[in-house]
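Data first, discussion second: the structure below is written as structure tokens.
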Amino acid sequence: MQIKPRQHLLEIWRATARHSFDDGKLVRGDTDGLSSVADAERLLCLLYPATEVPAFRLDQPDTTERDVLRALEGVGSRLEIPPNLVTALTQFMRTHTGPDDSPTFAGGHYFKPADPAAELTHDQSQLGVVDSYSMSVTLCLATLGFLKVYETTTTRPEVHKAVAELREATSTRLTAAMISLLRSFTVNVFDAESEQGRRLIEVIGQRRQSDRAVLQQFSRRFRPLRATIIESLTRGIQVDEAIRDESQLFECGWAWGIVRDAPQVTDLDVQVPGQPDGIADRLPYVYFTVVALDGIQDLFSERTLTLGLLDADQQKLAEALRLRWELSQQYWSAVARFGPDRWPLEDLPWQTTGLRLESEYFSLTVAAILVHDLIRRKATDDDLTRTVAVMERLAERGRITSRMTRRDPVIGLHNPGVLMPLAGSERSGGLLQWRMTDFSAQLLKRTVQLAALSRNIGAQDRLLRLAEQTFEHLWKRRIEDGEGTGLWDDVRTVYPDARGIGPRLSWSITERVTECLVAARNLYEQQPIRSPELAQLARELLSEATHLFGKEQLEASATADGSRSRAMRSIESRLDHARSLLDERPATAFALALPVLQELDPLAQARSAAAQEV
């Protein structure tokens, strides 16, 4: 199934508007209002494409395109859509603000008690989580960019007042989310002889070398990164002094929430209320690290910088987050590619060190961090090709590109999903878990990102085929009727043997599919990969065609008539056009040169025949 970003995004918008708006007003569904994560994901399904795709812009009503207006009929008319979105966003900001006027980042119903007999308490549902911090960064940046343009297009005083209120609330939430991300970052130092140390050595050594040899390689490989972390102690990173000992192992990244004893951020010009104490253990999770990386990179996007969306305090926080962003990418990318031969990432499934879990989902999260790092440092062909192979294997093992067997346990990867205990959450009154059900959507997102990165025709072709297969799998999983029609997720449509599983509206999967379509649009906006071999052939064709055309022009003055003159002008125009495309689109230049040669040959034959007759 070919990915058609425009058509498919419009279908998602139509379904989202139908489900979430009534007479232009945002309505609550069965799964809404219980989690700041779900509420942010729902709004991003509309706002993310509207701010990232020029054809979907809603901040300038006079330029909104007709098919976009038809898709958003449930939100309002051309002039009503922007103010109705302002009202919906204001509703979100108010809903997720505490009694002390500080933003809240409740995980809500996304938290699951580890004890099946236990119920989620109100206090537990209000705990903040990295998913919410990261989603809030993306939502707030999209909102600020939307407001910056929209306020210049309206003169209505009540709208300007609403925009000003929303901008202030959004900026406050953005600062709070960035602070929370800073306080959720952690560096975990542990001894090689500890259980976690032995587990890490087993993962990166793959039982092919002695523990001592692996430890020595780790020490050498991570010496520069260790030095950077030690140097960063003066820049707010909290870490055990034992990291200075090269015999100690370490991990860095994001915990599930604000870590226990994390200091408050106080060196800002304007203090943000409500920096709650953390309860999370100092244990980095690859899943939450990926989530944080996705949100933080939006702080450095071209759009954020061009529109000047960050104030002075937020720029200071963004630089601090960027340091942690780079440390995490470098660490996990090095771990994923550790050793001279087979990568630990290629040894599926990935085994987490702190929690002793293993799943293809964790392999995908580590691969996602590797994708971030490959984009940052412009990957080599070898790194890219090996990562493509990992993605293809994950798609097969996840039964996306292969047949599901009878009573296949892999169905659990998609529903009910992978459960992950949140270390330290027992301090809230009972151990909590986090459930990940978006394996297919995450695979599609990383595949499209890799395809955009690839400059190798073979690798990109494999990635595009995988992306189309994964997208077809996901598109079939839309809910066909009832609550959430046209949205996600109904696993039974692709896995008919899955029993006891019904349709379940998931804003998490819906939002990630929306992200994938925006990423696919950006991929198609790029110039196609240039083939050096084809460029050389096209150059040779054009050289010959230009020479023959010049020769034909020598005779044109003596024999020219109207039709011949027009034909010659047409040939000249096509040759000029083909020559202009030679560097960027050599295949197109090749295709344009061939008909010119085919037209010139009969002319040359006719002249030759005429000369012989004379």
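Each chain in the structure tokens gets a letter, A, B, ..., in the order shown, and its residues are numbered from 1; ligands are numbered from 1 in order too.
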Next on the checklist: Need to verify the contact set: Trp256 (chain A), 6 Å, only C-alpha atoms, exclusion of same-chain residues closer than 6 positions in sequence. Can you return it as a VMD selection string?
Outcome noted: chain A and resid 129 to 130 288
Checklist entry - Where does DSSP see alpha helix (DSSP H) in region 126-320 of chain A, if you list the residues as a ChimeraX atom specification? => result /A:130-150,157-184,195-205,211-221,223-231,286-296,302-307,312-320
Item to check | Close residues, region 424-432 of chain A itself excluded, 7 Å, only C-alpha atoms, min 3 positions apart in chain, as a list of chain:residue names | outcome: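 Surrounding residues, per the criterion: A:Phe111, A:Lys112, A:Pro113, A:Ala114, A:Gln124, A:Ile279, A:Ala280, A:Asp281, A:Pro421.
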Checklist entry - For Ser454 (chain A), which of A:Val388, A:Ala192, A:Leu394, A:Tyr495 is the closest residue, counting only C-alpha atoms? => result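 The shortest atom-to-atom distance to Ser454 (chain A) comes from A:Val388.
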Checklist entry - Got a sec to tell me which of region 105-316 of chain A DSSP assigns to strand (DSSP E), as a list in words? => result Phe111, Lys112, Pro113, Phe185, Thr186, Val187, Asn188, Val189, Phe190, Asp191, Gln248, Leu249, Phe250, Glu251, Cys252, Gly253 and Trp254 of chain A
Contacts of region 291-348 of chain A with region 266-278 of chain A up to 10 Å, shortest pair per row, only C-alpha atoms, as JSON lines:
{"residue": "A:Ala312", "atom": "CA", "partner": "A:Asp269", "partner_atom": "CA", "distance": 8.3}
{"residue": "A:Asp313", "atom": "CA", "partner": "A:Leu268", "partner_atom": "CA", "distance": 5.8}
{"residue": "A:Gln314", "atom": "CA", "partner": "A:Leu268", "partner_atom": "CA", "distance": 8.9}
{"residue": "A:Lys316", "atom": "CA", "partner": "A:Leu268", "partner_atom": "CA", "distance": 8.4}
{"residue": "A:Leu317", "atom": "CA", "partner": "A:Leu268", "partner_atom": "CA", "distance": 8.9}
Can you spit out the residues from that selection as a CSV table (one decimal), in the first residue's frame, using C-alpha atoms?
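The file below, out_13.csv, is the result:
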chain,number,residue,atom,x,y,z
A,312,ALA,CA,15.5,33.6,27.5
A,313,ASP,CA,14.8,31.1,30.3
A,314,GLN,CA,13.6,28.5,27.8
A,316,LYS,CA,18.9,28.3,28.8
A,317,LEU,CA,16.9,25.2,29.6
Next on the checklist: If we count only C-alpha atoms and set the cut-off at 9 Å, which residues sit around region 465-482 of chain A, ignoring sequence neighbours fewer than 6 positions away in its own chain? Please answer as number ranges by chain.
Outcome noted: A: 1-3, 391-392, 395, 400-401, 440-441, 443-445, 447-448, 451, 488-494, 503-505, 513
Please produce an output containing N, CA and C atoms for each residue in the selection, written as a PDB file, in the first residue's frame.
ATOM      1  N   MET A   1       0.852  -1.189   0.000  1.00  0.00           N
ATOM      2  CA  MET A   1       0.000   0.000   0.000  1.00  0.00           C
ATOM      3  C   MET A   1       0.886   1.237   0.000  1.00  0.00           C
ATOM      4  N   GLN A   2       0.742   2.093  -1.000  1.00  0.00           N
ATOM      5  CA  GLN A   2       1.550   3.294  -1.072  1.00  0.00           C
ATOM      6  C   GLN A   2       1.122   4.288   0.004  1.00  0.00           C
ATOM      7  N   ILE A   3       2.102   4.927   0.619  1.00  0.00           N
ATOM      8  CA  ILE A   3       1.810   5.943   1.622  1.00  0.00           C
ATOM      9  C   ILE A   3       1.486   7.248   0.901  1.00  0.00           C
ATOM     10  N   MET A 391      15.700  -3.510  11.248  1.00  0.00           N
ATOM     11  CA  MET A 391      14.292  -3.116  11.094  1.00  0.00           C
ATOM     12  C   MET A 391      13.497  -4.199  10.367  1.00  0.00           C
ATOM     13  N   GLU A 392      14.080  -4.782   9.347  1.00  0.00           N
ATOM     14  CA  GLU A 392      13.385  -5.836   8.604  1.00  0.00           C
ATOM     15  C   GLU A 392      13.149  -7.053   9.485  1.00  0.00           C
ATOM     16  N   ALA A 395      10.319  -6.311  11.935  1.00  0.00           N
ATOM     17  CA  ALA A 395       9.017  -6.384  11.269  1.00  0.00           C
ATOM     18  C   ALA A 395       8.570  -7.829  11.101  1.00  0.00           C
ATOM     19  N   ILE A 400       4.539  -8.411  11.278  1.00  0.00           N
ATOM     20  CA  ILE A 400       4.028  -7.352  10.416  1.00  0.00           C
ATOM     21  C   ILE A 400       4.230  -7.741   8.963  1.00  0.00           C
ATOM     22  N   THR A 401       5.359  -8.364   8.675  1.00  0.00           N
ATOM     23  CA  THR A 401       5.647  -8.808   7.308  1.00  0.00           C
ATOM     24  C   THR A 401       5.675 -10.322   7.191  1.00  0.00           C
ATOM     25  N   SER A 440       4.082  -1.276  16.101  1.00  0.00           N
ATOM     26  CA  SER A 440       3.996  -1.110  14.644  1.00  0.00           C
ATOM     27  C   SER A 440       4.174   0.350  14.249  1.00  0.00           C
ATOM     28  N   ALA A 441       3.546   1.257  14.997  1.00  0.00           N
ATOM     29  CA  ALA A 441       3.658   2.681  14.669  1.00  0.00           C
ATOM     30  C   ALA A 441       5.078   3.186  14.879  1.00  0.00           C
ATOM     31  N   LEU A 443       7.792   1.345  14.657  1.00  0.00           N
ATOM     32  CA  LEU A 443       8.595   0.766  13.583  1.00  0.00           C
ATOM     33  C   LEU A 443       8.446   1.581  12.301  1.00  0.00           C
ATOM     34  N   LEU A 444       7.219   1.979  11.987  1.00  0.00           N
ATOM     35  CA  LEU A 444       6.974   2.785  10.793  1.00  0.00           C
ATOM     36  C   LEU A 444       7.686   4.130  10.895  1.00  0.00           C
ATOM     37  N   LYS A 445       7.604   4.756  12.056  1.00  0.00           N
ATOM     38  CA  LYS A 445       8.224   6.077  12.244  1.00  0.00           C
ATOM     39  C   LYS A 445       9.732   6.014  12.030  1.00  0.00           C
ATOM     40  N   THR A 447      11.425   3.710  10.441  1.00  0.00           N
ATOM     41  CA  THR A 447      11.729   3.300   9.074  1.00  0.00           C
ATOM     42  C   THR A 447      11.678   4.498   8.129  1.00  0.00           C
ATOM     43  N   VAL A 448      10.656   5.336   8.291  1.00  0.00           N
ATOM     44  CA  VAL A 448      10.537   6.526   7.441  1.00  0.00           C
ATOM     45  C   VAL A 448      11.686   7.489   7.725  1.00  0.00           C
ATOM     46  N   ALA A 451      14.684   6.180   5.974  1.00  0.00           N
ATOM     47  CA  ALA A 451      14.570   6.368   4.528  1.00  0.00           C
ATOM     48  C   ALA A 451      14.918   7.802   4.141  1.00  0.00           C
ATOM     49  N   TRP A 488      -7.486   4.548  15.615  1.00  0.00           N
ATOM     50  CA  TRP A 488      -6.848   3.293  16.010  1.00  0.00           C
ATOM     51  C   TRP A 488      -7.186   2.970  17.458  1.00  0.00           C
ATOM     52  N   ASP A 489      -7.398   1.627  17.773  1.00  0.00           N
ATOM     53  CA  ASP A 489      -6.724   0.484  17.198  1.00  0.00           C
ATOM     54  C   ASP A 489      -7.646  -0.718  17.298  1.00  0.00           C
ATOM     55  N   ASP A 490      -7.662  -1.532  16.242  1.00  0.00           N
ATOM     56  CA  ASP A 490      -8.403  -2.795  16.255  1.00  0.00           C
ATOM     57  C   ASP A 490      -7.479  -3.893  15.719  1.00  0.00           C
ATOM     58  N   VAL A 491      -6.821  -4.584  16.634  1.00  0.00           N
ATOM     59  CA  VAL A 491      -5.821  -5.593  16.276  1.00  0.00           C
ATOM     60  C   VAL A 491      -6.443  -6.763  15.512  1.00  0.00           C
ATOM     61  N   ARG A 492      -7.705  -7.050  15.772  1.00  0.00           N
ATOM     62  CA  ARG A 492      -8.335  -8.233  15.156  1.00  0.00           C
ATOM     63  C   ARG A 492      -8.409  -8.127  13.633  1.00  0.00           C
ATOM     64  N   THR A 493      -8.384  -6.942  13.083  1.00  0.00           N
ATOM     65  CA  THR A 493      -8.501  -6.802  11.630  1.00  0.00           C
ATOM     66  C   THR A 493      -7.292  -7.368  10.892  1.00  0.00           C
ATOM     67  N   VAL A 494      -6.157  -7.464  11.563  1.00  0.00           N
ATOM     68  CA  VAL A 494      -4.970  -8.056  10.931  1.00  0.00           C
ATOM     69  C   VAL A 494      -4.593  -9.389  11.576  1.00  0.00           C
ATOM     70  N   PRO A 503     -11.928  -3.682  19.739  1.00  0.00           N
ATOM     71  CA  PRO A 503     -11.419  -2.363  19.342  1.00  0.00           C
ATOM     72  C   PRO A 503     -11.219  -1.479  20.573  1.00  0.00           C
ATOM     73  N   ARG A 504     -10.136  -0.705  20.579  1.00  0.00           N
ATOM     74  CA  ARG A 504      -9.844   0.180  21.711  1.00  0.00           C
ATOM     75  C   ARG A 504      -9.232   1.460  21.164  1.00  0.00           C
ATOM     76  N   LEU A 505      -9.931   2.569  21.377  1.00  0.00           N
ATOM     77  CA  LEU A 505      -9.433   3.843  20.878  1.00  0.00           C
ATOM     78  C   LEU A 505      -8.122   4.195  21.575  1.00  0.00           C
ATOM     79  N   VAL A 513       0.867   7.530  14.199  1.00  0.00           N
ATOM     80  CA  VAL A 513       0.613   7.374  12.761  1.00  0.00           C
ATOM     81  C   VAL A 513       0.602   8.744  12.089  1.00  0.00           C
TER      82      VAL A 513
END
Next on the checklist: Under the rule that only C-alpha atoms are counted, which of A:Arg199, A:Arg6, A:Arg70, A:Arg569 is the nearest residue to Gln351 (chain A)?
Outcome noted: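 Residue with the minimum atom-to-atom distance to Gln351 (chain A): A:Arg199.
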Per residue of region 306-411 of chain A within 12 Å of region 209-214 of chain A, what are the shortest atom pair and its distance in Å to one decimal, counting only C-alpha atoms, with rows by chain and residue number, as a Markdown table?
| residue | atom | partner | partner_atom | distance |
| --- | --- | --- | --- | --- |
| A:Val335 | CA | A:Val214 | CA | 11.7 |
| A:Phe338 | CA | A:Val214 | CA | 9.6 |
| A:Gly339 | CA | A:Val214 | CA | 8.7 |
| A:Pro340 | CA | A:Val214 | CA | 11.5 |
| A:Asp341 | CA | A:Gln209 | CA | 11.7 |
Item to check | Straight-line distance linking CA of Val418 (chain A) with CA of Tyr287 (chain A), stated in Å to one decimal | outcome: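 A separation of 11.1 Å between them.
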If we count only C-alpha atoms, what is near Arg530 (chain A) at a cut-off of 10 Å, once residues fewer than 3 positions away on the same chain are taken out, given as a PDB file with C-alpha atoms, in the first residue's frame?
ATOM      1  CA  ARG A 455      21.530   8.354   0.413  1.00  0.00           C
ATOM      2  CA  ASN A 456      21.977   4.762  -0.759  1.00  0.00           C
ATOM      3  CA  ILE A 457      19.485   3.706  -3.430  1.00  0.00           C
ATOM      4  CA  GLN A 527      15.271  15.436  -3.850  1.00  0.00           C
ATOM      5  CA  GLU A 533      26.330   6.043 -12.809  1.00  0.00           C
ATOM      6  CA  LEU A 534      23.044   7.310 -14.229  1.00  0.00           C
ATOM      7  CA  ALA A 535      24.303  10.892 -14.051  1.00  0.00           C
ATOM      8  CA  LEU A 582      21.364  16.789 -14.590  1.00  0.00           C
ATOM      9  CA  ASP A 583      22.827  17.317 -11.115  1.00  0.00           C
ATOM     10  CA  GLU A 584      19.694  16.798  -9.015  1.00  0.00           C
ATOM     11  CA  ARG A 585      17.588  14.380 -11.107  1.00  0.00           C
ATOM     12  CA  PRO A 586      19.847  12.521 -13.525  1.00  0.00           C
ATOM     13  CA  ALA A 587      17.243   9.818 -14.253  1.00  0.00           C
TER      14      ALA A 587
END
